Amino acid sequence: MKRCIVTGGTRGLGRAIAGALAKRGHRVAVTYSKNDDDAEDVKKEIGALTFKGSVADAGHVRDTVAAVVAAWGGVDVLVNNAGITQILPLALIEEKDWDLVMDVNAKGAFLFSRACLKHMIKARSGRVLSIGNFASERLVEAPVHYAASKSALRGFTEALAREVGRYGITVNLLAPGLLDVGLARMLPQHRLEEYRAQCGLGRTGTAAEVAELAAFLVSDEASFVTGAKIAADGGV
Amino acid sequence: MDHREILRKGFGEFADHVNPFVAQRAELAGEAIRVVRAADGHLWDADGRAIEDFHGTQMFGHRHPAITRAVSDWLATDIPSWYPSRVSPHAGRLAKMLHERTGYSCSFFACAGTDAVEAAIKLGRALTKKPGIVALEGAYHGCSVGSTALMARGPFHDPFGPHLPGVARIPLGDAEALARALSAGDVGSVIVEPIQGEGGVRVLPDAFVAALCELTKKHGALLVADEIQTGLGRTGRFLRTESWPRRPDVVLLGKALGGGLAPISVLLTDRDTFARAYGRDFEGGESHNVTFSYNALSCVAAIAALELLDDAMIARVRDVGTAFKKKLESVLAGQSLVEEVRGEGLMLGVKLKAIEHPWLTFEHFGFETIAAEGRSTAAPLLCHRLHQHGLFCFTCGHDWSVFRLQPRYTIPEATLDRLATQIRTELDYLTGLS
């Protein structure tokens with residue numbers, strides 16, 4: 001039984017990942033930023049610990065990890081899932097928008113990883129999985145701050161994998177395509193159709209499909225996978 | 001029924017099961033979506049942010065306590081809402097009140113504004129036996145099939161043909177075109193909005209109104225004023241057509257009539273006109289019918305709304321609207337994107353020039369179809385900016401270069417001042433980007 005933290009774990013893909021981990025018998029803690037009702041649902045559904053706050057708030061991160069360690073004696077898995085986007089073209093992205101998206105999507109992963117790795121390194125074991133996005137790798141129209149923040153996770157993952165690999169800790173990036181949750185729900189129909197046309201499987205994915213892959217990547221069976229970017233995008 | 005649970009999940013359920021494209025548009029436009037509370041005339045979203053609504057569906061703000069109380073008091077009685085005979089006492093009382101306020105002696109009630117438009121189309125044909133209908137370019141009279149035939153050409157009109165035959169469109173303000181259209185002798189009705197809303201907050205010029213009044217009478221065509229936007233005090237008069245040289249044969253009201261709570265619309269005319277069209281026998285009296293048109297629930301809300309809409313309230317709309325228009329003109333003076341402030345009372349619009357920079361075009365944003373229609377980004381972008389400040393403004397449906405403001409009649413003047421300043425700030429921001 002692993003002790004897991006899933007950031008942004010009360011909605012969408014994060015919730016699906018939390019569910020997939022719980023289904024495998026793991027203990028799961030989720031963080032969320034706004035909706036107490038969703039958190040209550042996750043608590044009821046999978047018995048998760050829930051923590052409210054922003055992943056970009058170092059105090060929240062510190063307190064959350066400390067509480068998980070206090071409750072369970074350590075942390076084995078971190079899924080950096082929390083992320084936001086704003087559908088804005090370059091001209092309309094203000095500095096505060098850039099900062100917000102980078103803070104949540106990139107800095108949040110850094111803060112949570114650092115806080116968890118303190119314990120994982122001591123234990124000489126651990127799994128860090130960050131959720132990227134196909135938009136950071138493919139020539140698709142995506143908000144530039146969002147794409148930049150997800151690209152940042154790629155470099156973060158590769159460097160961190162090298163730094164902590166000596167302790168038996170794996171660090172990977174899972175890059176989903178358009179799913180039935182998240183970004184796809186905000187895109188106009190013609191953009192979805194473009195995606196389906198360019199996608200080998202000809203469809204958008206589901207959160208459940210990606211969650212299963214996430215659960216594998218943080219499992220013992222994925223012990224020789226690190227520094228990798230694994231796409232789950234239907235073959236774009 | 002667990003309303004709290006519905007508020008948690010219903011917004012997503014709307015996107016899943018009602019209209020995903022409306023939900024997407026709202027997301028893209030940065031509109032407040034998770035609106036969960038109405039108090040003090042405005043709305044509050046799930047994050048506790050106050051939203052002032054400028055759409056014009058609410059004369060007195062959302063969930064006015066007097067209207068809410070009237071409806072809940074009525075619900076606490078055992079009075080029927082729907083009458084099998086269709087003879088509804090609350091409809092009778094509402095019609096009497098409308099008669100006292102407007103002089104029109106006959107009310108035909110319906111549910112949506114477009115129902116009233118359909119009723120007018122049929123009344124014109126039944127009365128005159130002439131099939132022709134004249135509408136104005138830039139018109140918006142609703143989205144049912146008859147109303148769509150009158151609609152300005154474009155995405156609300158073009159995909160739905162073949163349309164009702166006999167419809168002719170003339171340019172707004174073109175009295176000669178009107179005369180030509182009527183001279184054929186086959187026009188049963190002429191339908192106009194005294195101020196076009198979706199068409200760009202365009203006020204009918206006085207000379208054109210004079211021609212409308214004279215020529216329709218001369219040619220025996222029903223003059224129909226669609227006051228669904230302009231009526232009920234919106235322009236500082238109970239009916240905008242009060243100032244016309246001839247009272248229209250038919251006036252249509254809707255939208256705010258139900259006090260923002262219940263759907264109801266009405267076709268107002270004279271008893272004699274109605275009788276000449278439908279009074280030959282009993283069957284004729286029901287040849288145009290809307291099942292729930294006389295329901296007491298909607299009528300109660302409308303009665304309560306009319307009770308609030310007294311002369312003092314209408315005078316406030318006139319005075320506050322005049323002052324706000326001047327304020328807008330003053331605050332926006334010299335702003336390079338602003339072409340004109342338009343409208344009357346609390347039905348105002350700001351005509352904006354096109355934003356020329358390529359990176360602020362729909363083509364750049366990836367909306368090629370909209371770009372091909374030549375749509376302006378000016379008003380949508382301004383709305384997008386204002387949404388971030390809890391100011392829920394909107395763009396004219398047919399003319400995206402016009403930004404539209406239809407606040408509640410009770411809006412504090414300080415809120416309007418804040419809006420004017422914010423509009424200037426955001427337009428300056430957009431100008432800086434281009």
# chains A, B, ... in the order shown; residues from 1 in each chain; ligands from 1
call {"tool": "residues_around", "arguments": {"residues": "Ser401 of chain B", "least_positions_apart": "5", "cutoff": "10 Å", "atoms": "only C-alpha atoms", "output": "VMD selection string"}}
result
chain B and resid 200 338 to 339 349 to 355 375 to 380 395 to 396
call {"tool": "residues_around", "arguments": {"residues": "segment 81-88 of chain A", "least_positions_apart": "6", "cutoff": "10 Å", "atoms": "only C-alpha atoms", "output": "tab-separated table (two decimals) with N, CA and C atoms, in the first residue's frame"}}
result
chain	number	residue	atom	x	y	z
A	5	ILE	N	0.03	11.40	-2.81
A	5	ILE	CA	-0.55	12.75	-2.87
A	5	ILE	C	-0.86	13.06	-4.33
A	6	VAL	N	-2.08	13.48	-4.58
A	6	VAL	CA	-2.46	13.92	-5.93
A	6	VAL	C	-2.90	15.37	-5.82
A	7	THR	N	-2.15	16.25	-6.43
A	7	THR	CA	-2.55	17.66	-6.39
A	7	THR	C	-3.67	17.89	-7.40
A	8	GLY	N	-4.58	18.78	-7.05
A	8	GLY	CA	-5.74	19.00	-7.93
A	8	GLY	C	-6.52	17.72	-8.09
A	9	GLY	N	-6.70	17.00	-7.00
A	9	GLY	CA	-7.25	15.65	-7.10
A	9	GLY	C	-8.74	15.54	-6.86
A	10	THR	N	-9.45	16.64	-6.88
A	10	THR	CA	-10.89	16.54	-6.62
A	10	THR	C	-11.73	16.67	-7.88
A	11	ARG	N	-11.09	16.97	-9.00
A	11	ARG	CA	-11.86	17.16	-10.23
A	11	ARG	C	-11.10	16.56	-11.41
A	12	GLY	N	-11.82	16.27	-12.46
A	12	GLY	CA	-11.24	15.91	-13.74
A	12	GLY	C	-10.25	14.76	-13.67
A	13	LEU	N	-9.13	14.94	-14.37
A	13	LEU	CA	-8.13	13.89	-14.45
A	13	LEU	C	-7.54	13.56	-13.08
A	14	GLY	N	-7.31	14.59	-12.25
A	14	GLY	CA	-6.75	14.35	-10.92
A	14	GLY	C	-7.64	13.45	-10.09
A	15	ARG	N	-8.94	13.68	-10.21
A	15	ARG	CA	-9.88	12.85	-9.46
A	15	ARG	C	-9.85	11.41	-9.98
A	17	ILE	N	-7.29	9.94	-11.35
A	17	ILE	CA	-6.03	9.33	-10.90
A	17	ILE	C	-6.14	8.93	-9.42
A	30	VAL	N	-5.55	14.23	-1.41
A	30	VAL	CA	-5.73	15.12	-2.56
A	30	VAL	C	-5.69	16.57	-2.10
A	31	THR	N	-5.21	17.42	-2.97
A	31	THR	CA	-5.28	18.85	-2.69
A	31	THR	C	-6.26	19.47	-3.68
A	32	TYR	N	-6.80	20.60	-3.29
A	32	TYR	CA	-7.72	21.33	-4.17
A	32	TYR	C	-7.67	22.79	-3.78
A	33	SER	N	-8.15	23.63	-4.69
A	33	SER	CA	-8.02	25.06	-4.41
A	33	SER	C	-9.32	25.73	-4.05
A	54	SER	N	-3.57	26.59	-2.49
A	54	SER	CA	-2.94	26.70	-3.80
A	54	SER	C	-1.61	25.97	-3.81
A	55	VAL	N	-1.36	25.23	-4.88
A	55	VAL	CA	-0.08	24.52	-4.99
A	55	VAL	C	1.09	25.50	-5.12
A	56	ALA	N	0.77	26.74	-5.45
A	56	ALA	CA	1.83	27.75	-5.57
A	56	ALA	C	2.12	28.43	-4.24
A	94	GLU	N	-2.01	38.88	-19.91
A	94	GLU	CA	-1.34	39.91	-19.12
A	94	GLU	C	-0.26	39.25	-18.25
A	97	ASP	N	-1.60	37.03	-15.70
A	97	ASP	CA	-2.08	35.75	-16.23
A	97	ASP	C	-0.90	34.78	-16.39
A	98	TRP	N	0.16	35.31	-16.98
A	98	TRP	CA	1.37	34.48	-17.17
A	98	TRP	C	1.85	33.96	-15.81
A	100	LEU	N	0.25	33.61	-13.00
A	100	LEU	CA	-0.68	32.68	-12.37
A	100	LEU	C	-0.53	31.27	-12.96
A	101	VAL	N	-0.52	31.20	-14.30
A	101	VAL	CA	-0.45	29.90	-14.96
A	101	VAL	C	0.90	29.24	-14.68
A	102	MET	N	1.97	30.01	-14.75
A	102	MET	CA	3.29	29.44	-14.46
A	102	MET	C	3.39	29.02	-12.98
A	103	ASP	N	2.81	29.81	-12.11
A	103	ASP	CA	2.87	29.49	-10.68
A	103	ASP	C	2.17	28.17	-10.38
A	104	VAL	N	0.96	28.04	-10.90
A	104	VAL	CA	0.20	26.83	-10.58
A	104	VAL	C	0.78	25.62	-11.30
A	105	ASN	N	1.05	25.77	-12.58
A	105	ASN	CA	1.42	24.61	-13.39
A	105	ASN	C	2.89	24.19	-13.21
A	106	ALA	N	3.78	25.15	-13.03
A	106	ALA	CA	5.21	24.80	-12.95
A	106	ALA	C	5.76	24.94	-11.53
A	108	GLY	N	4.16	25.08	-8.78
A	108	GLY	CA	3.46	24.16	-7.87
A	108	GLY	C	4.11	22.78	-7.88
A	109	ALA	N	4.49	22.32	-9.08
A	109	ALA	CA	5.15	21.01	-9.19
A	109	ALA	C	6.50	21.04	-8.47
A	129	LEU	N	5.29	11.86	-10.47
A	129	LEU	CA	4.70	11.90	-11.81
A	129	LEU	C	4.04	13.26	-12.00
A	130	SER	N	4.45	13.95	-13.03
A	130	SER	CA	3.82	15.24	-13.34
A	130	SER	C	2.95	15.09	-14.57
A	131	ILE	N	1.87	15.85	-14.59
A	131	ILE	CA	0.95	15.78	-15.73
A	131	ILE	C	1.26	16.94	-16.68
A	132	GLY	N	1.76	16.59	-17.84
A	132	GLY	CA	2.03	17.59	-18.87
A	132	GLY	C	0.85	17.73	-19.79
A	142	ALA	N	-2.43	26.52	-28.76
A	142	ALA	CA	-2.70	26.45	-27.32
A	142	ALA	C	-2.27	27.77	-26.71
A	143	PRO	N	-2.88	28.16	-25.61
A	143	PRO	CA	-2.43	29.40	-24.96
A	143	PRO	C	-0.94	29.29	-24.63
A	144	VAL	N	-0.21	30.32	-24.96
A	144	VAL	CA	1.26	30.20	-24.87
A	144	VAL	C	1.74	30.03	-23.43
A	145	HIS	N	1.06	30.65	-22.48
A	145	HIS	CA	1.51	30.49	-21.09
A	145	HIS	C	1.26	29.07	-20.59
A	146	TYR	N	0.16	28.50	-21.05
A	146	TYR	CA	-0.15	27.12	-20.69
A	146	TYR	C	0.87	26.16	-21.31
A	147	ALA	N	1.13	26.36	-22.61
A	147	ALA	CA	2.10	25.50	-23.29
A	147	ALA	C	3.48	25.65	-22.66
A	149	SER	N	4.20	26.51	-19.59
A	149	SER	CA	4.24	25.91	-18.25
A	149	SER	C	4.34	24.39	-18.34
A	150	LYS	N	3.67	23.81	-19.32
A	150	LYS	CA	3.73	22.37	-19.47
A	150	LYS	C	5.09	21.94	-20.04
A	174	LEU	N	3.68	12.56	-17.71
A	174	LEU	CA	2.60	11.94	-18.49
A	174	LEU	C	1.89	13.06	-19.24
A	182	GLY	N	-11.34	18.69	-18.67
A	182	GLY	CA	-10.29	19.70	-18.81
A	182	GLY	C	-10.41	20.54	-20.07
A	183	LEU	N	-9.27	20.76	-20.70
A	183	LEU	CA	-9.16	21.71	-21.80
A	183	LEU	C	-10.19	21.47	-22.90
A	186	MET	N	-13.44	23.24	-23.11
A	186	MET	CA	-13.44	24.68	-23.36
A	186	MET	C	-13.15	25.00	-24.82
A	187	LEU	N	-12.92	23.99	-25.63
A	187	LEU	CA	-12.55	24.26	-27.01
A	187	LEU	C	-13.76	24.24	-27.92
B	27	GLU	N	-17.27	30.30	-21.48
B	27	GLU	CA	-15.89	30.10	-21.00
B	27	GLU	C	-14.93	31.00	-21.77
B	28	LEU	N	-15.06	30.96	-23.08
B	28	LEU	CA	-14.14	31.73	-23.92
B	28	LEU	C	-14.27	33.22	-23.67
B	29	ALA	N	-15.49	33.65	-23.42
B	29	ALA	CA	-15.73	35.09	-23.22
B	29	ALA	C	-15.37	35.52	-21.80
B	30	GLY	N	-14.99	34.56	-20.98
B	30	GLY	CA	-14.63	34.90	-19.61
B	30	GLY	C	-15.82	35.30	-18.76
B	365	PHE	N	-7.36	34.53	-33.89
B	365	PHE	CA	-7.83	33.70	-32.77
B	365	PHE	C	-8.22	32.29	-33.21
call {"tool": "select_by_dssp", "arguments": {"residues": "segment 2-132 of chain A", "states": "strand (DSSP E or B)", "output": "PyMOL selection string"}}
result
chain A and resi 3-6+27-32+49-52+77-80+126-131
call {"tool": "interface_residues", "arguments": {"of": "chain B", "to": "chain A", "cutoff": "8 Å", "atoms": "only C-alpha atoms", "output": "list of chain:residue names"}}
result
B:Arg8, B:Phe21, B:Gln24, B:Arg25, B:Glu27, B:Leu28, B:Trp359, B:Leu360, B:Phe365, B:Leu433
call {"tool": "residues_around", "arguments": {"residues": "segment 317-326 of chain B", "least_positions_apart": "5", "cutoff": "9 Å", "atoms": "only C-alpha atoms", "output": "ChimeraX atom specification"}}
result
/B:233-237,312,331,341-348,409-410,413,416-417,420
call {"tool": "write_last_selection", "arguments": {"atoms": "C-alpha atoms", "output": "PDB file, in the first residue's frame"}}
result
ATOM      1  CA  GLY B 233     -39.984  51.827 -19.253  1.00  0.00           C
ATOM      2  CA  ARG B 234     -36.627  50.819 -20.723  1.00  0.00           C
ATOM      3  CA  THR B 235     -36.267  54.029 -22.750  1.00  0.00           C
ATOM      4  CA  GLY B 236     -37.775  56.334 -20.134  1.00  0.00           C
ATOM      5  CA  ARG B 237     -41.345  55.920 -21.387  1.00  0.00           C
ATOM      6  CA  ALA B 312     -41.422  57.613 -10.601  1.00  0.00           C
ATOM      7  CA  VAL B 331     -15.522  59.736 -20.259  1.00  0.00           C
ATOM      8  CA  VAL B 341     -22.739  56.493 -27.864  1.00  0.00           C
ATOM      9  CA  ARG B 342     -26.294  55.577 -28.888  1.00  0.00           C
ATOM     10  CA  GLY B 343     -29.683  54.869 -27.437  1.00  0.00           C
ATOM     11  CA  GLU B 344     -32.183  56.238 -24.983  1.00  0.00           C
ATOM     12  CA  GLY B 345     -32.973  55.795 -21.326  1.00  0.00           C
ATOM     13  CA  LEU B 346     -31.263  52.690 -20.042  1.00  0.00           C
ATOM     14  CA  MET B 347     -30.956  51.087 -23.470  1.00  0.00           C
ATOM     15  CA  LEU B 348     -27.580  52.333 -24.591  1.00  0.00           C
ATOM     16  CA  TYR B 409     -33.719  50.393 -13.456  1.00  0.00           C
ATOM     17  CA  THR B 410     -32.629  50.504  -9.828  1.00  0.00           C
ATOM     18  CA  GLU B 413     -25.543  55.828 -10.259  1.00  0.00           C
ATOM     19  CA  LEU B 416     -22.789  53.329 -13.674  1.00  0.00           C
ATOM     20  CA  ASP B 417     -19.980  55.790 -13.010  1.00  0.00           C
ATOM     21  CA  ALA B 420     -18.030  54.235 -17.514  1.00  0.00           C
TER      22      ALA B 420
END
call {"tool": "atom_distance", "arguments": {"atom1": "atom CA of His357 of chain B", "atom2": "atom CA of Ser434 of chain B"}}
result
5.2 Å
